[in-house]
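Notes follow once the structure below has been shown.
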Amino acid sequence: MSVADYTSSRRVRLGGLAVVTLGALAAVAVLVFDVPLERIFTVGFINRTLVGASPIALAAIGGLYAEKSGVFNIGLEGFMIFGAITAAAAMYGMGGTSPSQPHIWLAIAIAVAFTLALTILYAVLLIRYKADQIVAGLAIWFMGLGFAPFAASLLWDTVRSPGLASINNYSVPYLAEIPYLGSIVFNQSPLVVFTLVVVIVSWIFLYRTQYGYWIQAAGDNPKALDTAGVDVNRVRYATVIFSGAMAGLGGAVLLAHAGDFIGTGDTMVDGRGWIAIVAYLFGNYNPIGAALAALLFAGLDMLQIQFQTADITLFGRDISARLMGLAPYVGVIIVLTVWGKTRMPSSVGEPYEKEE
Amino acid sequence: MSVKNEPAKVRLEGITKTFGDVVANDNVDFTLEEGTIHALLGENGSGKTTLMSVLYGLYDQDEGSIYVDGDHRTFTSPQDAMNAGVGMIHQHFQLIEPMTVLQNVILGHEPTVNGLVDEDAARDDIEEICSRYGFNVDQHLETPVEELDLGTRQRVEIVKSLYRGAEILILDEPTAVLTPQEVDGLMTLMEDLRKAGRSLIFISHKLDEVLQIADQITVLRDGAAVGTVDAADTHEQELARMMVGREVLFDRLSRETSVGDPVFAAEEISVLGDRGLEQVSEVDVTVRESEILGIAGVQGNGQTELAEALTGLRPVESGKISFRDADITETGRRRRIELGIGYIPGDRQIEGLVQNYDLVKNALLGNQTIEPYAKNGWLDWGAVSEHADEIIEEFDVQPPNASVRATSLSGGNQQKFIVGREIGHEPTVMVAAHPTRGVDIGSIEFIHNRLIELRDDGLGVVVISSKLDEIQKLADRIAVMYEGEFIRTVDPDEVTEEELGLLMAGKRLEDESVDADAEPVETDSEAQS
Amino acid sequence: MLDATVYERIGIAVGSTALALLISLVIVAAVGHDPLQFARDLIVGSFGSRRAFSRTLQFTTLFILAGVAVAVAFRAGVFNIGVQGQLIIGGISATLAIIWVAPFLPNGVGGGIALALLGLIAAMVTGGLYAAFPGVLKAYYGANEIITTIMLNFIAIGIVGWAVDGPLRPDDARSVRTDYLPDNVALPQLLFENPNFSIVGLAFALVVAIVISIVMTRTSLGYDMVTSGHQEPAATFSGVASKRMIVTTMTLSGMIAGLVGAIFAIMVQGYFIDPSGIGNYGFDAIAVSLLAANNPLGVVPAALLFGALDSSSSYVQINSGVPVQLIDGIVGLVVLFVAAPELFRMIAKRTGLGGDDR
Amino acid sequence: LGNGDDDEAENGDDPGNGDDDDNGNGNGNGEADDVQVAIISSDAGFGDNAFNDNALAGLEEAADDFGVEVTQVEETETAQFAARQEDLAADGSYDLIVMVGFQHWEGLSENAEQYPDQYWMLINDHVEGADNVSGWIEMNNEMSFLAGVAAGTLTQEEIEHGDSSTDPDESVVGFAGGDEIDLIEAFEQSYIEGVEWVDDSIDVLTGYGGSFSDSEAVNEVASSQFDDGADIVWHAAAAAGAGAFSAAQENDRFALGVDTDQSVGDEQYADVILGSAIKALNEATYMVTEAVVEDQWEDVSGEQNLSVENEGIDFVVGQEFVGELPDSLDENLEAAKQAFIDDEIELSCGPTGC
Ligand SMILES: Nc1ncnc2c1ncn2[C@@H]1O[C@H](COP(=O)(O)OP(=O)(O)OP(=O)(O)O)[C@@H](O)[C@H]1O
Ligand SMILES: Nc1ncnc2c1ncn2[C@@H]1O[C@H](COP(=O)(O)OP(=O)(O)OP(=O)(O)O)[C@@H](O)[C@H]1O
Ligand SMILES: [Mg+2]
Ligand SMILES: [Mg+2]
């Protein structure tokens with residue numbers, strides 16, 4: 001029995017298990033909770049899921065590009081925080097407490113530019129100076145938790161921005177009136193559509209362009225790529241910088257929906273960067289998979305909120321929202337245990353050096 | 001082959017390449033004529049891969065120059081070499097396992113239409129190549145490489161080179177990892193390539209293959225070219241002599257006649273290699289006290305796996321291993337060390353030493369639970385560093401300083417230290433894999449004497465080596481390993497080095513060869529996959 | 001970075017810290033505060049007075065233990081980022097064990113000592129188990145321990161936080177907390193009178209550091225671990241069962257992490273609180289350990305540095321008016337530079353020997 | 001506000017200060033330029049847009065009026081509260097130390113004894129028998145009740161403003177909490193009781209975002225409730241509460257503010273903030289500071305509270321809605337307040353928990 005057989009058989013077993021559990025959960029939902037489904041699965045639920053998933057999906061795509069090319073960017077959460085504060089600061093700088101919609105788009109662009117610049121330094125540390133990828137990533141998180149609120153207090157002498165503006169939904173006349181579909185497709189946040197485009201483009205880029213091939217090669221067998229005449233580290237610089245910029249974008253998009261920056265506690269980013277990492281692991285390093293995983297996590301979160309709104313109780317007792325909030329983290333561990341071994345690019349975390 | 005008057009396809013002049021104190025290539029001249037297959041022969045470490053790495057731009061030579069089609073070239077990267085039409089198929093494949101065959105083939109040279117990779121165009125080109133040379137990888141173009149067997153992977157490597165317009169193909173030990181059928185497939189393939197006017201360099205340890213396919217044969221020894229002969233006017237005996245032909249520096253020491261009782265035995269064990277393929281098939285090994293069992297064979301024929309199975313580093317798929325009548329098939333590595341089964345590992349770089357430890361710490365490696373270095377979990381560094389000094393002293397390790405880190409030692413000294421340490425365990429059985437690989441002549445003699453002393457002290461010793469003279473000199477019994485089996489067990493006094501060489505190359509002696517040269521089976525890769 | 005020599009390491013540690021602090025001074029000046037005052041307050045706030053010093057030592061105590069916990073794992077090549085979660089689990093277990101058993105023991109000094117010991121043991125057991133879990137997932141299922149341990153941090157904070165504000169919160173509690181530990185469970189106040197610090201606690205931490213460094217350097221187990229961290233195939237060659245070693249390592253690391261929680265409950269707090277109100281010792285400890293090149297003894301000075309930083313932060317914000325957030329950011333900077341030893345080798349080469357870099 | 005770095009630094013270095021602490025208060029009469037007040041945040045930290053900022057606001061006002069000097073100490077680790085208190089007390093240069101949040105109680109109950117000459121102000125609780133502590137209990141439950149009354153009243157009315165409007169036929173309101181802790185659950189329960197006091201047929205949808213800083217999460221909770229028919233949502237999510245306001249804007253509904261008149265504090269949401277249930281915490285900190293300046297400590301010492309009765313708790317109509325809201329609101333609010341004064345209302349939750 002070869003290792004391959006073993007893992008695959010294990011995956012089959014666990015896959016079956018997963019299916020069964022889901023079915024069981026559904027049954028429980030309807031029977032025990034006697035869920036009023038029409039109150040749970042509303043159009044708003046779907047829209048909120050889409051909006052909630054966008055920042056996670058964006059950051060996740062950045063993260064998977066970096067990891068596919070062999071660099072583990074554990075700093076996503078930190079870069080998201082930097083992206084959020086930069087966007088807020090830019091918005092405030094341009095439009096004060098009442099920025100216009102163009103200001104918002106501009107602010108997002110500025111946030112991306114800033115995090116991109118920041119990530120260049122980070123990439124140099126990781127690739128040229130072979131920094132410890134875990135510790136450096138955590139450091140970015142610490143710095144985000146520190147410097148972002150600090151910057152806020154410089155601007156607004158409190159760690160929170162005043163209410164700025166959040167992005168408006170576009171609305172297609174008439175079409176938006178169509179029940180369900182209308183308000184999902186034709187009355188939607190442009191950033192959701194934008195994210196969708198990014199997801200598709202990054203999928204095409206990864207699987208249909210030569211650069212995409214190189215990225216996969218750099219992470220799986222850098223020597224092969226090198227002997228094929230492509231500079232491995234240049235590829236890795238590109239992906240790491242991209243990952244930071246994407247996380248920044250994710251943070252900016254989060255802010256553009258929220259409409260204000262909050263730097264207390266874990267800041268408004270509040271763990272989305274970590275979920276992003278898990279999303280792309282779950283999504284098997286495939287941009288579309290990662291986006292779907294982001295949808296899943298956001299969906300679970302919104303479902304949890306819908307349960308609260310519809311006051312679903314378990315045997316008459318309220319389900320603690322605080323405990324329900326932990327579901328994604330538990331999910332992550334299960335996911336990693338099932339998928340853990342199989343798909344990690346083989347040379348993640350190893351700095352690449354030519355011989356001689 | 002009719003020698004053309006136009007310049008040779010490739011000419012290497014006076015190539016010298018050193019790694020630290022190791023002279024890997026010593027002023028080597030080499031000429032490859034257009035449309036021919038030129039074989040490189042030589043023992044492990046004789047410099048074949050290095051020479052080719054120089055030609056492929058992986059290493060840049062310390063001295064010497066490279067000419068392709070008569071023009072002087074300097075290759076600073078494989079890219080340069082490829083542009084000059086040189087392609088190399090590495091012994092260890094350079095493929096991206098999760099990516100499809102097609103993607104691997106075109107990696108770095110992807111045809112694109114408005115930004116996107118044009119896989120259809122690529123597919124056409126590849127199919128064209130395949131049909132021209134009668135490859136059959138085109139059925140696999142969409143298959144991820146990880147699902148292919150080694151033979152097919154190798155063909156993918158070759159297609160890769162051809163796709164990049166390689167005129168000159170270097171194949172480093174392409175057959176080392178192939179099954180007999182796959183080897184035959186490869187042979188026909190090389191024929192076709194030659195017919196199509198490609199020029200090939202073919203590295204192998206297996207004489208029959210070389211004679212079967214090559215036009216010229218160049219033999220390397222200790223980094224220097226000993227000579228080039230036409231395959232037509234040579235024979236295996238001559239080649240074996242050229243390869244091994246250094247004078248044996250000292251005669252075989254007279255051997256204790258009385259061979260003791262069996263201490264260590266393996267019955268019909270089968271072992272899987274790292275790739276999950278069976279590397280050892282139902283082999284019986286019996287080690288007796290006061291005897292050296294030599295296991296001869298070219299690397300990649302399963303010796304390493306066998307050694308690891310005997311020493312507890314690798315599980316056996318089937319069969320039984322016993323030590324002094326006790327069944328130790330399931331016994332772990334540590335316990336076997338404690339039982340006194342010593343092991344001189346084949347790969348000193350990775351296994352034998354912790355490169356960043358000084359020699360004192362390295363002296364403890366494997367001794368963690370052995371008195372006096374450790375008593376119920378506590379280490380006695382005093383004893384350990386004494387031990388280290390003893391080893392250094394007794395095995396004259398240079399520099400004689402236990403506080404230097406292992407990395408800073410030359411390969412030979414590293415090896416002497418390891419041997420010293422493993423002998424220090426006072427084992428009952430010693431398994432030594434390539435005990436003198438990459439070690440200088442003086443140290444070789446020294447290590448050999450120690451192994452013989454062990455034998456004389458009544459130990460059972462197993463020596464695994466691909467060096468004929470080494471086996472000849474040490475062994476009381478020689479088992480020749482080929483394709484994961486013992487094809488023959490011989491008495492060293494009744495076999496010549498040439499005969500041994502032939503055996504290692506899969507040739508039966510008197511009796512006609514059986515499987516190794518079975519007539520080409522047209523089924524291959526996909527039939528097996 | 002394991003191969004760096006001791007001097008190199010010390011140089012790197014000092015260099016990275018100095019550079020980070022330098023940059024922070026620049027930032028402080030840039031945002032219009034007085035950098036000299038800031039620098040002075042950093043010192044005064046951590047060593048300037050008896051109470052400041054004892055406060056520094058209080059943090060140092062926790063950082064030593066947490067740092068050693070990280071060092072053990074990193075030394076063996078296992079990246080336990082979950083010390084924070086493990087210390088929370090350890091802390092709550094110690095608290096509960098003591099509270100539950102207290103009624104059955106005499107409430108004299110003897111009973112106190114017995115209870116304290118009980119707490120430490122409970123913390124080690126639960127902390128060890130909470131770390132062994134991701135260890136098993138890594139060894140036998142290949143689940144990346146970095147992610148799993150981070151997730152387990154969130155989970156520990158969430159569940160314990162919920163419990164302390166719910167089932168475990170006594171009705172008469174004016175704030176979110178568990179029951180008080182009995183009065184006889186406390187470390188004696190010697191030298192310093194600071195209710196949150198006892199020199200005995202510090203001594204205990206030092207003893208743990210010493211014991212661990214002895215284990216790492218003087219026992220077969222330690223040798224096996226460190227060798228696995230350096231060169232796994234060599235360890236296997238020498239008879240180490242690598243999978244089991246991963247689990248063992250995580251367990252040991254988690255046991256020490258558990259002790260952090262126990263000491264926090266017994267020495268600092270006297271009861272247990274919502275873990276979101278407990279400092280990020282587990283995360284900062286990664287920097288502490290790295291700064292010390294994962295050497296259990298080296299952790300002590302590194303812990304002192306981070307202890308001082310934490311300790312002075314309140315004094316700094318009071319006197320320099322520099323917001324705490326900046327100080328947190330600075331800690332992040334220190335960590336970042338610690339992560340890139342190569343950078344400092346290069347700088348050294350450039351400045352010193354002007355040697356080539358590639 | 002990094003004001004007066006220098007002379008604070010002096011104090012910082014001068015240990016002798018600890019002793020002349022009391023006469024520091026003694027000669028505090030009238031000229032108060034040397035009066036110093038320190039405030040330690042709750043674990044939410046300053047910028048929470050709730051009681052931390054509210055308490056600080058009062059001090060800053062006092063700073064202007066009496067020239068006292070205010071030092072902010074942000075401490076987000078509850079584990080450090082006791083130490084922070086002691087740091088400041090031991091420093092000896094602060095005439096008054098204000099602590100935000102009942103999480104300070106444990107530490108203070110000891111430090112109040114340790115430093116008998118130090119004046120302390122605790123927000124959210126008091127310390128029995130410590131007359132150097134001015135302990136302020138804000139009747140959050142009463143405040144939440146008023147919010148409930150307002151929401152319950154207005155959801156039945158027809159209100160139009162800008163794009164937003166209520167649905168008078170459907171009577172559903174919402175509550176969006178931050179982290180689901182005891183304190184906030186007390187807000188929730190009292191709010192519900194307020195709504196039901198108006199009309200117990202009204203549905204109250206409740207939910208928690210799980211964080212006081214994640215405004216997006218609170219936005220989702222509120223949106224979900226608006227979806228489900230709520231036309232007014234009240235939040236108890238501190239800074240994250242902004243999410244409830246933006247949700248109201250996005251869904252063309254309304255929201256209610258908490259603690260302060262948020263239609264002023266977050267004026268870009270003023271068009272959906274019908275009103276805010278407030279507590280005069282800023283007045284309390286101002287008052288206590290004044291007492292210290294005037295050397296009238298006994299006026300504020302011991303248990304104090306902010307209640308409907310002493311007008312410490314109230315409900316104010318949003319800036320853009322003054323005079324626009326139906327009279328029923330005023331009537332119900334007045335009735336509710338009177339009922340509190342006459343002790344006719346039994347709340348099942350206390351000010352900081354149930
Ligand atoms: N970096 C190195 N330092 C020292 N010796 C080396 C190094 N790399 C390879 N060798 C030695 O050179 C010899 C052949 O080197 P090479 O890299 O060709 O190995 P190989 O061709 O893979 O050998 P094998 O046939 O065992 O696979 C071996 O003895 C190997 O141990
Ligand atoms: N990368 C390297 N660094 C240091 N020494 C090396 C390296 N590669 C090879 N060597 C040394 O150079 C010598 C020649 O190595 P080479 O790989 O050319 O031998 P080879 O003929 O390919 O052996 P094999 O038959 O095992 O493939 C060996 O003795 C080895 O020790
Ligand atoms: Mg070889
Ligand atoms: Mg070779």
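Chain lettering (A, B, ...) mirrors the order of the structure tokens, residue numbering begins at 1 for each chain separately, and ligand numbering begins at 1 in order of display.
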Could you pull out the residues sitting within 10 Å of ligand 4, using only C-alpha atoms and all ligand atoms, and write them as a list of chain:residue names?
B:Gly42, B:Glu43, B:Asn44, B:Gly45, B:Ser46, B:Gly47, B:Lys48, B:Thr49, B:Thr50, B:Leu51, B:Met52, B:Ser53, B:His90, B:Gln91, B:His92, B:Asp172, B:Glu173, B:Ile203, B:Ser204
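Residues within 10 Å of Leu56 of chain D, counting only C-alpha atoms and excluding same-chain residues fewer than 4 positions away, are Ala38, Ile39, Ile40, Ser41, Phe46, Gly47, Phe51, Asn52, Glu60, Glu61, Ala62, Val70, Thr71, Gln72, Val98, Val100, Leu281, Asn282, Thr285 and Tyr286 of chain D.
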How about saving the chosen residues, N, CA and C atoms kept, as a CSV table (one decimal), in the first residue's frame?
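Output (again-v1.csv):
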```
chain,number,residue,atom,x,y,z
D,38,ALA,N,-6.0,62.2,36.3
D,38,ALA,CA,-5.7,61.2,35.3
D,38,ALA,C,-6.9,60.3,35.1
D,39,ILE,N,-7.0,59.8,33.9
D,39,ILE,CA,-8.1,58.9,33.6
D,39,ILE,C,-7.6,57.6,33.0
D,40,ILE,N,-8.0,56.5,33.5
D,40,ILE,CA,-7.6,55.2,33.0
D,40,ILE,C,-8.7,54.6,32.2
D,41,SER,N,-8.4,54.2,31.0
D,41,SER,CA,-9.5,53.8,30.1
D,41,SER,C,-10.0,52.4,30.6
D,46,PHE,N,-9.6,54.3,24.7
D,46,PHE,CA,-10.2,55.5,24.3
D,46,PHE,C,-10.5,55.4,22.8
D,47,GLY,N,-11.5,56.2,22.3
D,47,GLY,CA,-11.9,56.1,20.9
D,47,GLY,C,-13.0,55.1,20.8
D,51,PHE,N,-18.4,55.0,26.8
D,51,PHE,CA,-18.2,55.7,28.1
D,51,PHE,C,-16.7,56.2,28.2
D,52,ASN,N,-15.8,55.6,27.6
D,52,ASN,CA,-14.4,56.1,27.7
D,52,ASN,C,-14.4,57.6,27.2
D,60,GLU,N,-12.2,67.0,29.8
D,60,GLU,CA,-11.6,68.0,29.0
D,60,GLU,C,-12.3,69.4,29.1
D,61,GLU,N,-13.6,69.2,29.3
D,61,GLU,CA,-14.4,70.5,29.5
D,61,GLU,C,-13.9,71.1,30.8
D,62,ALA,N,-13.7,70.3,31.8
D,62,ALA,CA,-13.2,70.8,33.1
D,62,ALA,C,-11.9,71.4,32.9
D,70,VAL,N,-5.2,67.2,32.4
D,70,VAL,CA,-5.7,65.8,32.2
D,70,VAL,C,-4.7,64.9,31.6
D,71,THR,N,-4.5,63.8,32.2
D,71,THR,CA,-3.5,62.8,31.7
D,71,THR,C,-4.3,61.5,31.3
D,72,GLN,N,-4.2,61.2,30.0
D,72,GLN,CA,-4.9,59.9,29.6
D,72,GLN,C,-4.0,58.7,29.8
D,98,VAL,N,-9.5,58.9,37.6
D,98,VAL,CA,-10.8,58.5,37.1
D,98,VAL,C,-10.6,57.1,36.5
D,100,VAL,N,-12.5,54.1,34.2
D,100,VAL,CA,-13.7,53.8,33.4
D,100,VAL,C,-13.9,52.3,33.4
D,281,LEU,N,-22.5,61.1,31.7
D,281,LEU,CA,-21.2,60.7,32.3
D,281,LEU,C,-20.2,61.9,32.2
D,282,ASN,N,-20.3,62.6,31.1
D,282,ASN,CA,-19.4,63.8,31.0
D,282,ASN,C,-19.7,64.7,32.1
D,285,THR,N,-18.0,63.3,35.4
D,285,THR,CA,-16.6,63.6,35.5
D,285,THR,C,-16.3,65.0,35.7
D,286,TYR,N,-17.1,65.9,35.1
D,286,TYR,CA,-16.9,67.3,35.2
D,286,TYR,C,-17.2,67.7,36.7
```
Taking only residues of chain C that have an atom at most 6 Å from an atom of chain A, what is each one's shortest atom pair and its distance in Å to one decimal, using only C-alpha atoms, in chain and number order, as JSON lines?
```
{"residue": "C:Tyr141", "atom": "CA", "partner": "A:Thr337", "partner_atom": "CA", "distance": 5.7}
{"residue": "C:Gly142", "atom": "CA", "partner": "A:Lys341", "partner_atom": "CA", "distance": 4.5}
{"residue": "C:Ala143", "atom": "CA", "partner": "A:Gly340", "partner_atom": "CA", "distance": 4.4}
{"residue": "C:Thr148", "atom": "CA", "partner": "A:Ile333", "partner_atom": "CA", "distance": 5.6}
{"residue": "C:Met151", "atom": "CA", "partner": "A:Tyr329", "partner_atom": "CA", "distance": 5.4}
{"residue": "C:Gln325", "atom": "CA", "partner": "A:Gly146", "partner_atom": "CA", "distance": 4.5}
{"residue": "C:Leu326", "atom": "CA", "partner": "A:Phe150", "partner_atom": "CA", "distance": 5.7}
{"residue": "C:Asp328", "atom": "CA", "partner": "A:Gly146", "partner_atom": "CA", "distance": 4.8}
{"residue": "C:Gly329", "atom": "CA", "partner": "A:Gly146", "partner_atom": "CA", "distance": 4.0}
{"residue": "C:Gly332", "atom": "CA", "partner": "A:Met143", "partner_atom": "CA", "distance": 4.7}
{"residue": "C:Val335", "atom": "CA", "partner": "A:Ala139", "partner_atom": "CA", "distance": 5.5}
{"residue": "C:Leu336", "atom": "CA", "partner": "A:Ala136", "partner_atom": "CA", "distance": 5.0}
{"residue": "C:Ala339", "atom": "CA", "partner": "A:Asp132", "partner_atom": "CA", "distance": 5.1}
{"residue": "C:Ala340", "atom": "CA", "partner": "A:Ala131", "partner_atom": "CA", "distance": 4.0}
{"residue": "C:Glu342", "atom": "CA", "partner": "A:Tyr129", "partner_atom": "CA", "distance": 5.1}
{"residue": "C:Leu343", "atom": "CA", "partner": "A:Tyr129", "partner_atom": "CA", "distance": 5.5}
```
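Running DSSP on the backbone gives alpha helix (DSSP H) for these residues within segment 66-119 of chain D: Phe66, Phe81, Ala82, Ala83, Arg84, Gln85, Glu86, Asp87, Leu88, Ala89, Ala90, Asp91, Trp105, Glu106, Gly107, Leu108, Ser109, Glu110, Asn111, Ala112, Glu113 and Gln114 of chain D.
Within 6 Å of chain B, and counting only C-alpha atoms, chain A contributes Ser2, Arg208, Thr209, Gln210, Asn221, Ala224, Thr227, Ala228 and Gly229 of chain A.
The residue that comes closest to chain B, out of C:Gly239, C:Gly261, C:Pro170, C:Gly254 and on the basis of only C-alpha atoms, is C:Gly239.
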Please identify all polymer residues within 10 Å of Asp203 of chain D, counting only C-alpha atoms, omitting same-chain residues fewer than 4 positions from it, and present them as an mmCIF file with N, CA and C atoms, in the first residue's frame.
```
data_model
loop_
_atom_site.group_PDB
_atom_site.id
_atom_site.type_symbol
_atom_site.label_atom_id
_atom_site.label_comp_id
_atom_site.auth_asym_id
_atom_site.auth_seq_id
_atom_site.Cartn_x
_atom_site.Cartn_y
_atom_site.Cartn_z
ATOM 1 N N GLY D 152 -39.969 51.565 20.543
ATOM 2 C CA GLY D 152 -41.306 50.981 20.518
ATOM 3 C C GLY D 152 -42.350 51.990 20.080
ATOM 4 N N GLU D 170 -46.137 47.537 10.311
ATOM 5 C CA GLU D 170 -45.340 46.493 10.965
ATOM 6 C C GLU D 170 -44.648 47.085 12.177
ATOM 7 N N SER D 171 -44.719 46.430 13.299
ATOM 8 C CA SER D 171 -44.034 46.951 14.484
ATOM 9 C C SER D 171 -42.913 46.013 14.889
ATOM 10 N N VAL D 172 -41.740 46.256 14.289
ATOM 11 C CA VAL D 172 -40.577 45.449 14.600
ATOM 12 C C VAL D 172 -39.389 46.375 14.838
ATOM 13 N N VAL D 173 -38.638 46.140 15.909
ATOM 14 C CA VAL D 173 -37.421 46.932 16.164
ATOM 15 C C VAL D 173 -36.266 45.973 16.408
ATOM 16 N N GLY D 174 -35.054 46.545 16.369
ATOM 17 C CA GLY D 174 -33.883 45.695 16.506
ATOM 18 C C GLY D 174 -32.928 46.181 17.577
ATOM 19 N N ILE D 192 -35.494 45.506 25.626
ATOM 20 C CA ILE D 192 -36.692 44.729 25.286
ATOM 21 C C ILE D 192 -37.841 45.105 26.220
ATOM 22 N N VAL D 195 -39.345 48.321 25.188
ATOM 23 C CA VAL D 195 -40.219 48.195 24.014
ATOM 24 C C VAL D 195 -41.563 47.618 24.435
ATOM 25 N N GLU D 196 -41.499 46.572 25.244
ATOM 26 C CA GLU D 196 -42.743 45.892 25.612
ATOM 27 C C GLU D 196 -43.594 46.758 26.536
ATOM 28 N N ASP D 199 -45.674 48.471 24.106
ATOM 29 C CA ASP D 199 -46.662 47.592 23.486
ATOM 30 C C ASP D 199 -46.032 46.219 23.311
ATOM 31 N N GLY D 229 -37.639 43.151 8.813
ATOM 32 C CA GLY D 229 -38.801 43.980 9.101
ATOM 33 C C GLY D 229 -38.596 45.079 10.120
ATOM 34 N N ALA D 230 -37.441 45.075 10.774
ATOM 35 C CA ALA D 230 -37.216 46.132 11.754
ATOM 36 C C ALA D 230 -37.120 47.470 11.032
#
```
Return the neighbours of chain C among the residues of chain B, cut-off 9 Å, counting only C-alpha atoms, as a PDB file with C-alpha atoms, in the first residue's frame.
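This is the output file iface.pdb:
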```pdb
ATOM      1  CA  GLY B 312      15.874  -0.387  10.791  1.00  0.00           C
ATOM      2  CA  LEU B 313      15.582   2.878   8.892  1.00  0.00           C
ATOM      3  CA  GLY B 332      12.908   0.186  15.542  1.00  0.00           C
ATOM      4  CA  ARG B 333      16.168   1.796  14.590  1.00  0.00           C
ATOM      5  CA  ARG B 334      17.178   2.829  18.106  1.00  0.00           C
ATOM      6  CA  ARG B 335      16.704  -0.615  19.550  1.00  0.00           C
ATOM      7  CA  ARG B 336      18.738  -2.107  16.721  1.00  0.00           C
ATOM      8  CA  ILE B 337      21.573   0.287  17.489  1.00  0.00           C
ATOM      9  CA  TYR B 343      25.610   1.399  10.158  1.00  0.00           C
ATOM     10  CA  PRO B 345      25.363   5.399   5.970  1.00  0.00           C
ATOM     11  CA  ILE B 350      22.587  14.236   5.077  1.00  0.00           C
ATOM     12  CA  GLU B 351      22.445  11.278   7.421  1.00  0.00           C
ATOM     13  CA  GLY B 352      25.859  10.555   8.815  1.00  0.00           C
ATOM     14  CA  LEU B 353      26.649  13.925  10.302  1.00  0.00           C
ATOM     15  CA  VAL B 354      24.810  16.986  11.544  1.00  0.00           C
ATOM     16  CA  GLN B 355      26.609  19.567   9.471  1.00  0.00           C
ATOM     17  CA  ASN B 356      26.222  22.389  11.993  1.00  0.00           C
ATOM     18  CA  TYR B 357      27.362  20.354  14.991  1.00  0.00           C
ATOM     19  CA  LYS B 361      28.197  16.585  19.298  1.00  0.00           C
ATOM     20  CA  LEU B 364      27.082  11.331  20.065  1.00  0.00           C
ATOM     21  CA  LEU B 365      24.922  10.821  16.986  1.00  0.00           C
ATOM     22  CA  GLY B 366      23.477   7.339  17.334  1.00  0.00           C
ATOM     23  CA  ASN B 367      24.985   6.965  20.828  1.00  0.00           C
ATOM     24  CA  GLN B 368      22.219   8.856  22.611  1.00  0.00           C
ATOM     25  CA  THR B 369      21.190   5.803  24.605  1.00  0.00           C
ATOM     26  CA  ALA B 374      24.330   8.263  28.216  1.00  0.00           C
ATOM     27  CA  ASN B 376      19.323   6.476  31.834  1.00  0.00           C
ATOM     28  CA  GLY B 377      18.628   9.565  29.780  1.00  0.00           C
ATOM     29  CA  TRP B 378      21.490  11.719  31.041  1.00  0.00           C
ATOM     30  CA  LEU B 379      24.354  12.570  28.736  1.00  0.00           C
ATOM     31  CA  ASP B 380      27.964  12.482  29.827  1.00  0.00           C
ATOM     32  CA  TRP B 381      29.613  15.019  27.547  1.00  0.00           C
TER      33      TRP B 381
END
```
Within 9 Å of chain A, which residues belong to chain D? Use only C-alpha atoms and report them as an MDAnalysis selection string.
chainID D and resid 1 43:49 76 174 179:181 205:217 219:221 223:225 227:228 239:240 242:243 246 250 265:269
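For the atom pair formed by atom CA of Lys507 of chain B and atom CA of His235 of chain B, the distance is 13.1 Å, given to one decimal.
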At a cut-off of 9 Å, using only C-alpha atoms, what residues contact segment 276-282 of chain C? Leave out same-chain residues fewer than 4 positions from it and give the result as a ChimeraX atom specification.
/C:59,62-63,66-67,69-70,81-88,157-158,161,257,260,286 /D:43,76-80
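For segment 301-304 of chain D, the residues within 7 Å (counting only C-alpha atoms, excluding itself and residues fewer than 3 positions away along the chain) are His126, Ala130, Asp131, Asn132, Val133, Ser134, Gly135, Trp136, Ile137, Trp297 and Glu298 of chain D.
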